[in-house]
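Participant: Enclosed is the structure file target22.cif (mmCIF, C-alpha atoms).
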data_model
loop_
_atom_site.label_atom_id
_atom_site.label_comp_id
_atom_site.auth_asym_id
_atom_site.auth_seq_id
_atom_site.Cartn_x
_atom_site.Cartn_y
_atom_site.Cartn_z
CA MET H 210 15.52 80.04 19.64
CA SER H 211 14.74 83.51 18.46
CA THR H 212 13.06 85.20 15.55
CA LYS H 213 14.24 88.12 13.49
CA GLY H 214 12.02 91.17 13.21
CA GLY H 215 9.37 90.45 10.58
CA ASN H 216 10.89 87.08 9.79
CA PRO H 217 9.36 84.50 12.10
CA MET H 218 10.26 80.84 12.08
CA GLU H 219 7.78 79.09 9.81
CA PRO H 220 6.44 75.65 10.69
CA ILE H 221 8.31 72.68 9.27
CA ILE H 222 6.62 69.42 8.40
CA LEU H 223 8.71 66.63 9.90
CA ALA H 224 8.19 63.62 7.66
CA SER H 225 9.09 61.11 10.35
CA GLY H 226 7.48 59.03 13.04
CA SER H 227 10.80 58.77 14.89
CA LEU H 228 10.54 59.99 18.47
CA ARG H 229 14.27 60.77 18.48
CA ARG H 230 13.91 63.12 15.52
CA GLN H 231 10.92 64.78 17.16
CA GLU H 232 12.96 65.25 20.33
CA TYR H 233 15.75 66.92 18.36
CA PHE H 234 13.24 69.29 16.77
CA ARG H 235 11.96 70.15 20.24
CA LEU H 236 15.52 70.63 21.52
CA LEU H 237 16.11 73.07 18.67
CA ASN H 238 12.86 74.90 19.52
CA LEU H 239 11.66 74.56 15.92
CA PRO H 240 7.93 74.91 15.22
CA PHE H 241 6.90 71.68 13.52
CA SER H 242 4.13 69.25 12.76
CA ILE H 243 4.56 65.52 12.33
CA MET H 244 3.54 63.69 9.19
CA PRO H 245 5.16 60.26 8.93
CA ALA H 246 5.87 59.21 5.34
CA LEU H 247 5.44 55.53 4.65
CA ILE H 248 7.53 54.81 1.60
CA ASP H 249 8.58 51.82 -0.41
CA GLU H 250 12.01 51.09 1.09
CA ASP H 251 13.24 49.02 -1.81
CA TYR H 252 16.72 50.16 -2.85
CA GLU H 253 17.52 47.57 -5.48
CA GLY H 254 20.03 48.91 -7.97
CA ILE H 255 21.63 51.34 -5.48
CA SER H 256 24.74 50.06 -3.75
CA ASP H 257 26.39 53.09 -2.13
CA PRO H 258 25.02 53.50 1.42
CA ARG H 259 24.97 57.31 1.17
CA ASN H 260 22.99 57.12 -2.04
CA ILE H 261 20.51 54.72 -0.44
CA ALA H 262 19.94 56.94 2.61
CA GLU H 263 19.65 60.10 0.48
CA ASN H 264 17.28 58.38 -1.92
CA MET H 265 15.04 57.28 0.97
CA ALA H 266 15.00 60.75 2.57
CA ILE H 267 14.05 62.37 -0.74
CA ARG H 268 11.38 59.73 -1.31
CA LYS H 269 9.87 60.67 2.05
CA ILE H 270 9.69 64.34 1.06
CA ASN H 271 8.08 63.44 -2.26
CA LYS H 272 5.61 61.20 -0.45
CA ILE H 273 4.47 64.15 1.67
CA LEU H 274 4.19 66.37 -1.41
CA ASP H 275 2.04 63.68 -3.02
CA LEU H 276 -0.16 63.42 0.07
CA LEU H 277 -0.62 67.19 0.17
CA ALA H 278 -1.77 67.12 -3.47
CA GLY H 279 -0.70 70.57 -4.59
CA ARG H 280 -1.00 72.40 -1.26
CA ILE H 281 2.68 73.33 -1.03
CA PRO H 282 3.98 73.88 2.53
CA PRO H 283 6.97 76.20 3.06
CA TRP H 284 9.25 73.56 4.58
CA ILE H 285 9.44 69.77 4.82
CA CYS H 286 12.21 67.81 6.51
CA ALA H 287 12.85 64.08 6.20
CA ALA H 288 15.71 61.86 7.28
CA ASP H 289 16.80 58.28 6.85
CA THR H 290 19.31 56.27 8.86
CA ILE H 291 20.93 53.04 7.70
CA ILE H 292 23.77 50.89 8.91
CA ALA H 293 26.43 49.37 6.70
CA VAL H 294 28.57 46.41 7.72
CA ASP H 295 31.01 45.20 5.05
CA GLY H 296 28.76 46.62 2.36
CA GLU H 297 25.69 44.89 3.77
CA ILE H 298 22.87 47.26 4.70
CA PHE H 299 21.12 46.79 8.05
CA GLY H 300 17.73 48.44 8.29
CA LYS H 301 15.15 47.73 10.99
CA PRO H 302 15.23 44.05 12.05
CA LYS H 303 12.28 41.94 10.95
CA ASP H 304 12.17 40.02 14.21
CA ARG H 305 14.26 39.02 17.24
CA GLU H 306 16.17 36.46 15.22
CA ASP H 307 17.09 39.08 12.63
CA ALA H 308 18.18 41.43 15.45
CA HIS H 309 20.34 38.62 16.86
CA ARG H 310 21.99 38.15 13.47
CA MET H 311 22.77 41.86 13.19
CA LEU H 312 24.22 42.20 16.71
CA SER H 313 26.30 39.03 16.27
CA LYS H 314 27.74 40.52 13.10
CA MET H 315 28.44 43.95 14.62
CA GLN H 316 30.05 42.88 17.93
CA GLY H 317 33.83 43.19 18.28
CA ARG H 318 34.25 45.50 15.30
CA SER H 319 33.22 48.78 13.74
CA HIS H 320 30.41 49.61 11.35
CA GLU H 321 29.14 52.70 9.62
CA VAL H 322 25.98 54.66 10.36
CA ILE H 323 24.68 56.88 7.59
CA THR H 324 21.97 59.46 8.11
CA ALA H 325 20.68 61.53 5.22
CA VAL H 326 18.62 64.63 5.88
CA ALA H 327 16.52 66.24 3.17
CA LEU H 328 14.97 69.68 3.31
CA PHE H 329 12.26 70.92 0.98
CA ASN H 330 12.19 74.70 0.71
CA SER H 331 9.27 76.01 -1.33
CA ARG H 332 11.10 79.27 -2.09
CA SER H 333 14.33 77.76 -3.34
CA ARG H 334 15.21 78.76 -6.88
CA VAL H 335 18.14 76.39 -7.20
CA LYS H 336 16.70 73.06 -6.21
CA ALA H 337 13.56 72.36 -4.25
CA ILE H 338 15.09 69.56 -2.18
CA ASP H 339 18.46 69.96 -0.51
CA CYS H 340 19.83 66.64 0.72
CA ARG H 341 22.99 65.88 2.68
CA SER H 342 24.32 62.83 4.44
CA VAL H 343 26.73 62.12 7.26
CA VAL H 344 28.78 58.97 7.76
CA SER H 345 29.88 58.02 11.28
CA THR H 346 31.73 55.02 12.64
CA VAL H 347 30.61 53.06 15.69
CA PHE H 348 32.87 50.56 17.47
CA PHE H 349 31.19 47.74 19.36
CA ALA H 350 33.08 45.89 22.08
CA GLY H 351 33.21 42.13 21.79
CA LEU H 352 29.97 40.66 23.15
CA SER H 353 29.33 37.28 24.74
CA LYS H 354 26.24 35.30 23.76
CA GLN H 355 24.82 36.21 27.17
CA GLU H 356 25.32 39.90 26.52
CA ILE H 357 23.53 39.69 23.18
CA GLU H 358 20.63 37.82 24.82
CA TRP H 359 20.52 40.35 27.64
CA TYR H 360 20.35 43.20 25.16
CA LEU H 361 17.66 41.51 23.10
CA ASN H 362 15.63 41.11 26.31
CA THR H 363 15.60 44.89 26.78
CA GLY H 364 13.49 45.14 23.63
CA GLU H 365 15.48 48.14 22.39
CA TRP H 366 16.18 46.39 19.10
CA GLN H 367 12.61 46.85 17.88
CA GLY H 368 12.00 49.35 15.11
CA VAL H 369 15.52 50.76 14.90
CA ALA H 370 18.14 50.43 12.18
CA GLY H 371 20.84 47.93 13.10
CA ALA H 372 18.83 46.63 16.08
CA TYR H 373 20.42 48.92 18.70
CA LYS H 374 19.90 52.30 20.28
CA ILE H 375 23.11 54.14 21.03
CA GLN H 376 21.15 56.41 23.39
CA GLY H 377 19.84 53.37 25.25
CA LEU H 378 21.49 50.42 26.97
CA ALA H 379 23.57 49.64 23.87
CA GLY H 380 25.77 52.45 25.20
CA CYS H 381 27.23 49.82 27.55
CA TYR H 382 28.69 48.02 24.55
CA ILE H 383 29.88 50.91 22.40
CA SER H 384 33.53 51.60 23.08
CA LYS H 385 34.04 54.49 20.67
CA ILE H 386 32.43 56.58 17.96
CA THR H 387 33.87 58.83 15.27
CA GLY H 388 31.60 61.35 13.60
CA SER H 389 28.26 62.78 14.68
CA TYR H 390 26.45 61.35 17.70
CA SER H 391 23.13 62.98 16.76
CA SER H 392 23.44 61.51 13.28
CA ILE H 393 23.85 58.04 14.79
CA VAL H 394 20.72 58.69 16.89
CA GLY H 395 18.86 59.80 13.76
CA LEU H 396 19.37 63.48 12.86
CA PRO H 397 22.76 65.17 12.33
CA ILE H 398 22.06 68.37 14.25
CA HIS H 399 25.10 70.34 13.15
CA GLU H 400 24.59 69.62 9.46
CA PHE H 401 20.86 70.28 9.76
CA TYR H 402 21.57 73.62 11.46
CA VAL H 403 23.95 74.63 8.65
CA MET H 404 21.39 73.48 6.07
CA LEU H 405 18.61 75.56 7.62
CA LYS H 406 20.81 78.65 7.61
CA GLU H 407 22.00 78.11 4.05
CA ASN H 408 18.39 77.76 2.95
CA GLY H 409 17.43 81.06 4.54
CA TYR H 410 15.50 79.66 7.49
CA PRO H 411 15.75 82.30 10.25
CA TYR H 412 17.27 80.13 12.94
CA GLY H 413 19.67 81.05 15.71
CA ASN H 414 21.60 84.19 15.00
CA SER H 415 20.37 84.50 11.39
CA MET J 214 18.53 45.25 34.25
CA SER J 215 18.37 41.91 35.96
CA THR J 216 19.59 40.28 39.10
CA LYS J 217 21.21 36.93 39.56
CA GLY J 218 19.67 34.49 41.97
CA GLY J 219 20.77 35.43 45.49
CA ASN J 220 22.94 38.25 44.23
CA PRO J 221 20.82 41.39 43.98
CA MET J 222 22.12 44.71 42.77
CA GLU J 223 23.19 46.67 45.84
CA PRO J 224 22.57 50.41 46.08
CA ILE J 225 25.36 52.67 44.87
CA ILE J 226 26.00 56.10 46.34
CA LEU J 227 26.39 58.50 43.43
CA ALA J 228 28.70 61.25 44.67
CA SER J 229 27.43 63.82 42.18
CA GLY J 230 24.84 66.53 41.86
CA SER J 231 24.98 66.26 38.06
CA LEU J 232 21.57 65.60 36.54
CA ARG J 233 23.23 64.02 33.48
CA ARG J 234 25.00 61.44 35.64
CA GLN J 235 21.78 60.73 37.52
CA GLU J 236 20.01 60.20 34.19
CA TYR J 237 22.66 57.72 33.10
CA PHE J 238 22.25 55.80 36.36
CA ARG J 239 18.49 55.68 35.72
CA LEU J 240 19.06 54.59 32.11
CA LEU J 241 21.21 51.74 33.42
CA ASN J 242 18.48 50.82 35.95
CA LEU J 243 20.98 50.95 38.79
CA PRO J 244 19.66 51.37 42.33
CA PHE J 245 21.32 54.50 43.70
CA SER J 246 21.15 57.36 46.12
CA ILE J 247 22.55 60.82 45.51
CA MET J 248 25.10 62.43 47.79
CA PRO J 249 26.90 65.33 46.12
CA ALA J 250 30.51 65.73 47.29
CA LEU J 251 31.70 69.29 47.56
CA ILE J 252 35.47 69.13 47.31
CA ASP J 253 38.35 71.52 47.08
CA GLU J 254 38.91 71.62 43.31
CA ASP J 255 42.43 72.99 43.52
CA TYR J 256 44.76 70.97 41.30
CA GLU J 257 47.94 72.93 41.66
CA GLY J 258 50.98 70.77 41.03
CA ILE J 259 49.13 68.38 38.69
CA SER J 260 49.48 69.14 35.00
CA ASP J 261 48.25 66.05 33.15
CA PRO J 262 44.48 66.42 32.49
CA ARG J 263 43.80 62.74 33.14
CA ASN J 264 45.58 62.94 36.47
CA ILE J 265 43.57 66.02 37.41
CA ALA J 266 40.21 64.40 36.58
CA GLU J 267 41.15 61.16 38.35
CA ASN J 268 42.41 63.03 41.38
CA MET J 269 39.11 64.96 41.61
CA ALA J 270 36.96 61.84 41.23
CA ILE J 271 38.92 60.06 43.99
CA ARG J 272 38.68 63.15 46.20
CA LYS J 273 34.89 63.02 45.83
CA ILE J 274 34.82 59.38 46.96
CA ASN J 275 37.03 60.19 49.94
CA LYS J 276 34.80 63.13 50.79
CA ILE J 277 31.79 60.81 51.01
CA LEU J 278 33.74 58.32 53.14
CA ASP J 279 34.64 61.21 55.46
CA LEU J 280 31.03 62.35 55.65
CA LEU J 281 29.86 58.82 56.47
CA ALA J 282 32.37 58.68 59.33
CA GLY J 283 33.06 54.98 59.44
CA ARG J 284 29.72 53.70 58.19
CA ILE J 285 31.10 52.01 55.09
CA PRO J 286 28.62 51.62 52.19
CA PRO J 287 29.11 48.78 49.70
CA TRP J 288 29.55 51.03 46.65
CA ILE J 289 30.31 54.67 45.87
CA CYS J 290 30.69 56.15 42.41
CA ALA J 291 32.10 59.57 41.56
CA ALA J 292 33.11 61.21 38.31
CA ASP J 293 34.80 64.37 37.16
CA THR J 294 34.81 66.01 33.74
CA ILE J 295 37.30 68.60 32.57
CA ILE J 296 38.17 70.19 29.27
CA ALA J 297 41.69 70.78 28.00
CA VAL J 298 42.56 73.28 25.29
CA ASP J 299 46.25 73.55 24.49
CA GLY J 300 47.11 72.35 27.98
CA GLU J 301 44.79 74.90 29.60
CA ILE J 302 42.10 73.37 31.77
CA PHE J 303 38.53 74.64 31.44
CA GLY J 304 36.29 73.82 34.37
CA LYS J 305 32.91 75.45 35.03
CA PRO J 306 32.89 79.12 33.93
CA LYS J 307 32.83 81.70 36.72
CA ASP J 308 30.46 84.00 34.85
CA ARG J 309 29.18 84.86 31.38
CA GLU J 310 32.40 86.64 30.50
CA ASP J 311 34.43 83.58 31.42
CA ALA J 312 32.07 81.41 29.32
CA HIS J 313 32.57 83.83 26.41
CA ARG J 314 36.34 83.47 26.75
CA MET J 315 36.12 79.67 26.71
CA LEU J 316 33.79 79.46 23.68
CA SER J 317 35.92 82.00 21.75
CA LYS J 318 38.95 79.86 22.40
CA MET J 319 37.25 76.57 21.45
CA GLN J 320 35.48 77.64 18.21
CA GLY J 321 36.95 76.53 14.91
CA ARG J 322 39.16 73.83 16.41
CA SER J 323 39.24 70.70 18.52
CA HIS J 324 39.66 70.24 22.24
CA GLU J 325 39.80 67.32 24.62
CA VAL J 326 37.19 66.23 27.13
CA ILE J 327 38.37 64.02 29.95
CA THR J 328 36.03 62.21 32.30
CA ALA J 329 37.35 60.14 35.17
CA VAL J 330 35.08 57.70 36.94
CA ALA J 331 35.95 56.28 40.35
CA LEU J 332 34.31 53.32 42.02
CA PHE J 333 34.66 52.42 45.67
CA ASN J 334 34.00 48.78 46.34
CA SER J 335 33.98 47.90 50.03
CA ARG J 336 34.77 44.23 49.31
CA SER J 337 37.75 44.79 47.06
CA ARG J 338 40.94 43.16 48.29
CA VAL J 339 43.19 44.75 45.67
CA LYS J 340 42.40 48.41 45.97
CA ALA J 341 39.38 50.06 47.51
CA ILE J 342 39.01 52.70 44.78
CA ASP J 343 39.18 51.76 41.12
CA CYS J 344 39.55 54.83 38.90
CA ARG J 345 39.63 55.09 35.11
CA SER J 346 39.50 57.97 32.68
CA VAL J 347 38.47 58.47 29.08
CA VAL J 348 39.78 61.10 26.70
CA SER J 349 37.57 62.21 23.80
CA THR J 350 38.02 64.88 21.15
CA VAL J 351 35.35 67.41 20.23
CA PHE J 352 35.52 69.53 17.06
CA PHE J 353 33.74 72.88 17.13
CA ALA J 354 32.82 74.58 13.86
CA GLY J 355 33.97 78.17 13.43
CA LEU J 356 31.56 80.47 15.26
CA SER J 357 30.70 84.09 14.54
CA LYS J 358 30.43 86.58 17.40
CA GLN J 359 26.66 86.45 16.91
CA GLU J 360 26.62 82.70 17.30
CA ILE J 361 28.59 82.89 20.53
CA GLU J 362 26.21 85.55 21.89
CA TRP J 363 23.21 83.50 20.81
CA TYR J 364 24.58 80.47 22.62
CA LEU J 365 25.37 82.44 25.76
CA ASN J 366 21.76 83.68 25.73
CA THR J 367 20.51 80.10 25.97
CA GLY J 368 22.06 79.93 29.45
CA GLU J 369 23.39 76.43 28.80
CA TRP J 370 26.90 77.54 29.73
CA GLN J 371 26.07 77.76 33.42
CA GLY J 372 27.52 75.13 35.72
CA VAL J 373 29.13 72.95 33.05
CA ALA J 374 32.78 72.33 32.24
CA GLY J 375 33.90 74.26 29.17
CA ALA J 376 30.69 76.34 29.12
CA TYR J 377 28.75 74.10 26.71
CA LYS J 378 26.39 71.13 26.76
CA ILE J 379 26.93 68.74 23.88
CA GLN J 380 23.47 67.29 24.58
CA GLY J 381 21.95 70.77 24.29
CA LEU J 382 21.97 73.46 21.62
CA ALA J 383 25.77 73.34 21.42
CA GLY J 384 25.11 70.31 19.23
CA CYS J 385 24.45 72.82 16.43
CA TYR J 386 28.09 73.84 16.55
CA ILE J 387 29.82 70.50 17.03
CA SER J 388 30.90 69.08 13.70
CA LYS J 389 32.52 65.89 14.92
CA ILE J 390 33.53 63.87 17.96
CA THR J 391 35.98 61.05 18.44
CA GLY J 392 35.70 58.91 21.54
CA SER J 393 32.84 58.42 23.98
CA TYR J 394 29.74 60.61 23.73
CA SER J 395 28.52 59.67 27.22
CA SER J 396 31.93 60.58 28.61
CA ILE J 397 31.64 64.03 27.03
CA VAL J 398 28.20 64.37 28.64
CA GLY J 399 29.66 63.32 32.00
CA LEU J 400 29.84 59.54 32.51
CA PRO J 401 31.57 57.08 30.16
CA ILE J 402 28.90 54.38 30.14
CA HIS J 403 30.86 51.66 28.40
CA GLU J 404 33.89 51.99 30.69
CA PHE J 405 31.63 52.23 33.75
CA TYR J 406 29.81 49.08 32.67
CA VAL J 407 33.12 47.20 32.28
CA MET J 408 34.27 48.56 35.64
CA LEU J 409 31.13 47.37 37.44
CA LYS J 410 31.53 43.90 35.98
CA GLU J 411 35.24 43.67 36.78
CA ASN J 412 34.47 44.69 40.34
CA GLY J 413 31.91 41.92 40.72
CA TYR J 414 28.80 44.09 40.62
CA PRO J 415 25.99 41.84 39.32
CA TYR J 416 24.96 43.93 36.34
CA GLY J 417 23.59 42.84 32.98
CA ASN J 418 24.47 39.28 32.13
CA SER J 419 26.84 38.80 35.08
#
Translate the structure described by the file into structure tokens.
Facilitator:
Amino acid sequence: MSTKGGNPMEPIILASGSLRRQEYFRLLNLPFSIMPALIDEDYEGISDPRNIAENMAIRKINKILDLLAGRIPPWICAADTIIAVDGEIFGKPKDREDAHRMLSKMQGRSHEVITAVALFNSRSRVKAIDCRSVVSTVFFAGLSKQEIEWYLNTGEWQGVAGAYKIQGLAGCYISKITGSYSSIVGLPIHEFYVMLKENGYPYGNS
Amino acid sequence: MSTKGGNPMEPIILASGSLRRQEYFRLLNLPFSIMPALIDEDYEGISDPRNIAENMAIRKINKILDLLAGRIPPWICAADTIIAVDGEIFGKPKDREDAHRMLSKMQGRSHEVITAVALFNSRSRVKAIDCRSVVSTVFFAGLSKQEIEWYLNTGEWQGVAGAYKIQGLAGCYISKITGSYSSIVGLPIHEFYVMLKENGYPYGNS
């Protein structure tokens, strides 16, 4: 929003192809460039959903550092969102059938949405990558087969964790949430704001 | 999204000048026209926040019916959002000073956001105006004086109940919500969806 005398906001590399995350960066008026990080999303051996999301976000940062091959940028941000239903992890659906399976499982009950956000700060003396995660709960109303088909027909299920977009037409089916809406969309704004400040990024009133 | 054979979606008059509500109508792909209803917002004698919001939403519908002077449209929708902090009602701030007072009171604690949505259905035999309300809780982080000033400088406080926009930069300060995000923004999508269906409006899979 503003800069402090002699301490301008430095550009941040956003290690994400997610349009929602880009929109949040624009909302926050942060200077940024986009550099999607394609990582191996295998999480075998990790069972805690927070650990999985944090591991993925950190992997994305490390992927960017690898790609930059020694040219260290001041800031890199990455995030990862996953959905957990009874301990089962729902990532992006493989196809419409997979999306159908996920929605059928999630209807009429609650599930958890975990977003981890990782921040690389080249000047940090403590740890180069700060990573935090937020767990929210989403309650889906009971859905008829017709409602699931109708939603699948919107195409919103493609490319998103858990096969639904809370900011899209899935909002019709979500009766309640507890936690952070922006985290469910893909970037926990409040926690990211606190993280930027704690890492010395001159944002807001800093 | 879709129409049923011989039962097309009829236009709805949206009795609101709120851009957020218009955006939700567009998201839902509802055919609508805009007709803001300027009402007397005096709620003296009503103390329950839900009753106040519902009363205002119904007043807006009646205002449109008055303006149309006997030309009855098939559907009218109105909504009203208010904020309650310790029983005190926060509507739109009068000026920057009033916004400052509201934000100072809300920081570091929770408050309630109530949105009532009213639907006039010309074919209803039970009651012409169906009205429902949703109560959500918003938790603000503790804010420094500088943070409040910074937020006031964004100008987001103007024209919105409680002097903040959850979908704007106020997201930096909101640590948690419980309830309906869309209701906090201005229109509880899930409840409105259920309401349309229960009133026989051919939406979604109906």
Participant: Find the residues near Leu241 of chain J: any atom within 9 Å, counting all atoms listed in the file, skip ones fewer than 2 places away on the same chain, and give them as a list of chain:residue names.
Facilitator: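 Using all atoms listed in the file, the neighbours found are H:Gly377, H:Leu378, H:Cys381, J:Met214, J:Glu236, J:Tyr237, J:Phe238, J:Arg239, J:Leu243, J:Ile402.
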Participant: As a check of understanding, name the residues that the PyMOL selection byres ((chain H) within 10 of (chain J)) selects in the supplied structure, as an MDAnalysis selection string.
Facilitator: chainID H and resid 210:211 233 236:238 345:350 353:360 362:363 375:391 397:403 413:415
Participant: Hey, what's within 7 Å of Leu332 of chain J if we count all atoms listed in the file and toss same-chain stuff fewer than 4 positions away? As a PyMOL selection string, please?
Facilitator: chain J and resi 289-291+342-344
Participant: Any chance you could export the current selection's C-alpha atoms as a PDB file, in the frame of the given file?
Facilitator:
ATOM      1  CA  ILE J 289      30.310  54.670  45.870  1.00  0.00           C
ATOM      2  CA  CYS J 290      30.690  56.150  42.410  1.00  0.00           C
ATOM      3  CA  ALA J 291      32.100  59.570  41.560  1.00  0.00           C
ATOM      4  CA  ILE J 342      39.010  52.700  44.780  1.00  0.00           C
ATOM      5  CA  ASP J 343      39.180  51.760  41.120  1.00  0.00           C
ATOM      6  CA  CYS J 344      39.550  54.830  38.900  1.00  0.00           C
TER       7      CYS J 344
END
Participant: Quick one: axis-aligned box around all listed atoms of segment 220-227 of chain H, 3 Å on every side, centre and edge lengths in Å to one decimal, written as lines of an AutoDock Vina configuration file.
Facilitator:
center_x = 8.6
center_y = 67.2
center_z = 11.3
size_x = 10.4
size_y = 22.9
size_z = 13.2
Participant: With distances taken over all atoms listed in the file, which of J:Lys410, J:Arg345, J:Arg336, J:Arg234 is nearest to Pro286 of chain J?
Facilitator: J:Arg336
Participant: How many Å separate atom CA of Ala270 of chain J from atom CA of Ala329 of chain J?
Facilitator: 6.3 Å
Participant: Could you tell me how far atom CA of Ala288 of chain H sits from atom CA of Arg259 of chain H, in Å to one decimal place?
Facilitator: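 So the answer is 12.0 Å.
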Participant: Pick out the residues sitting within 12 Å of Glu250 of chain H, and hand them over as a PyMOL selection string; count only C-alpha atoms, and ignore anything fewer than 3 positions along from it in its own chain.
Facilitator: chain H and resi 246-247+253+255+261-269+289-291+300-301
Participant: Quick check, in Å to one decimal: how far apart do atom CA of Gln320 of chain J and atom CA of Leu396 of chain H lie?
Facilitator: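 According to the coordinates, atom CA of Gln320 of chain J and atom CA of Leu396 of chain H are separated by 22.1 Å.
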Participant: Pick out the closest residue to Leu281 of chain J from this set: J:Ile226, J:Ala312, J:Met319, J:Ile252. Count only C-alpha atoms.
Facilitator: J:Ile226
Participant: With only C-alpha atoms as the counted atoms, please give the residues lying no more than 9 Å from Ser246 of chain J, apart from itself and same-chain residues fewer than 5 positions off, as JSON, numbers by chain.
Facilitator: {"J": [224, 225, 226, 227, 228]}
Participant: Apply the PyMOL selection byres ((chain J and resi 325) around 8) to the displayed file and report the matching residues as a PyMOL selection string.
Facilitator: chain J and resi 296-298+323-324+326-327+348-351
Participant: Select, counting all atoms listed in the file, all protein, DNA and RNA residues no farther than 10 Å from (50.5, 66.8, 29.6) in file coordinates, and express the selection as an MDAnalysis selection string.
Facilitator: chainID J and resid 259:264 297 299:301
Participant: Starting from the displayed file, determine the output of the PyMOL selection byres ((chain H and resi 311) around 10) and express the residue list as a compact mmCIF listing (two decimals) with C-alpha atoms, in the frame of the given file.
Facilitator:
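Output (out-v1.txt):
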# COMPACT_ATOMS: atom_id res chain seq x y z
CA VAL H 294 28.57 46.41 7.72
CA PHE H 299 21.12 46.79 8.05
CA GLY H 300 17.73 48.44 8.29
CA LYS H 301 15.15 47.73 10.99
CA PRO H 302 15.23 44.05 12.05
CA ARG H 305 14.26 39.02 17.24
CA GLU H 306 16.17 36.46 15.22
CA ASP H 307 17.09 39.08 12.63
CA ALA H 308 18.18 41.43 15.45
CA HIS H 309 20.34 38.62 16.86
CA ARG H 310 21.99 38.15 13.47
CA LEU H 312 24.22 42.20 16.71
CA SER H 313 26.30 39.03 16.27
CA LYS H 314 27.74 40.52 13.10
CA MET H 315 28.44 43.95 14.62
CA GLN H 316 30.05 42.88 17.93
CA TRP H 366 16.18 46.39 19.10
CA ALA H 370 18.14 50.43 12.18
CA GLY H 371 20.84 47.93 13.10
CA ALA H 372 18.83 46.63 16.08
CA TYR H 373 20.42 48.92 18.70
Participant: Could you tell me which of H:Ala327, H:Lys303, H:Asp249, H:Asp275 comes closest to Gly368 of chain H if we count only C-alpha atoms?
Facilitator: H:Lys303
Participant: Kindly output segment 314-324 of chain H as a compact mmCIF listing (two decimals), keeping the file's coordinate frame, after building N, CA, C and O atoms.
Facilitator:
# COMPACT_ATOMS: atom_id res chain seq x y z
N LYS H 314 26.85 40.06 14.16
CA LYS H 314 27.74 40.52 13.10
C LYS H 314 28.49 41.79 13.52
O LYS H 314 29.66 41.99 13.16
N MET H 315 27.85 42.66 14.28
CA MET H 315 28.44 43.95 14.62
C MET H 315 29.38 43.91 15.82
O MET H 315 30.22 44.79 15.97
N GLN H 316 29.24 42.90 16.70
CA GLN H 316 30.05 42.88 17.93
C GLN H 316 31.54 42.71 17.62
O GLN H 316 31.91 42.05 16.64
N GLY H 317 32.37 43.35 18.43
CA GLY H 317 33.83 43.19 18.28
C GLY H 317 34.43 43.88 17.08
O GLY H 317 35.56 43.58 16.70
N ARG H 318 33.73 44.84 16.49
CA ARG H 318 34.25 45.50 15.30
C ARG H 318 33.53 46.84 15.10
O ARG H 318 32.65 47.20 15.88
N SER H 319 33.89 47.51 14.02
CA SER H 319 33.22 48.78 13.74
C SER H 319 32.24 48.62 12.58
O SER H 319 32.34 47.69 11.79
N HIS H 320 31.31 49.54 12.50
CA HIS H 320 30.41 49.61 11.35
C HIS H 320 30.10 51.08 11.08
O HIS H 320 30.46 51.95 11.88
N GLU H 321 29.46 51.33 9.97
CA GLU H 321 29.14 52.70 9.62
C GLU H 321 27.65 52.99 9.79
O GLU H 321 26.81 52.13 9.51
N VAL H 322 27.37 54.20 10.25
CA VAL H 322 25.98 54.66 10.36
C VAL H 322 25.84 55.87 9.44
O VAL H 322 26.62 56.82 9.55
N ILE H 323 24.89 55.79 8.54
CA ILE H 323 24.68 56.88 7.59
C ILE H 323 23.30 57.48 7.82
O ILE H 323 22.29 56.76 7.80
N THR H 324 23.26 58.78 8.05
CA THR H 324 21.97 59.46 8.11
C THR H 324 21.94 60.53 7.03
O THR H 324 22.86 61.36 6.94
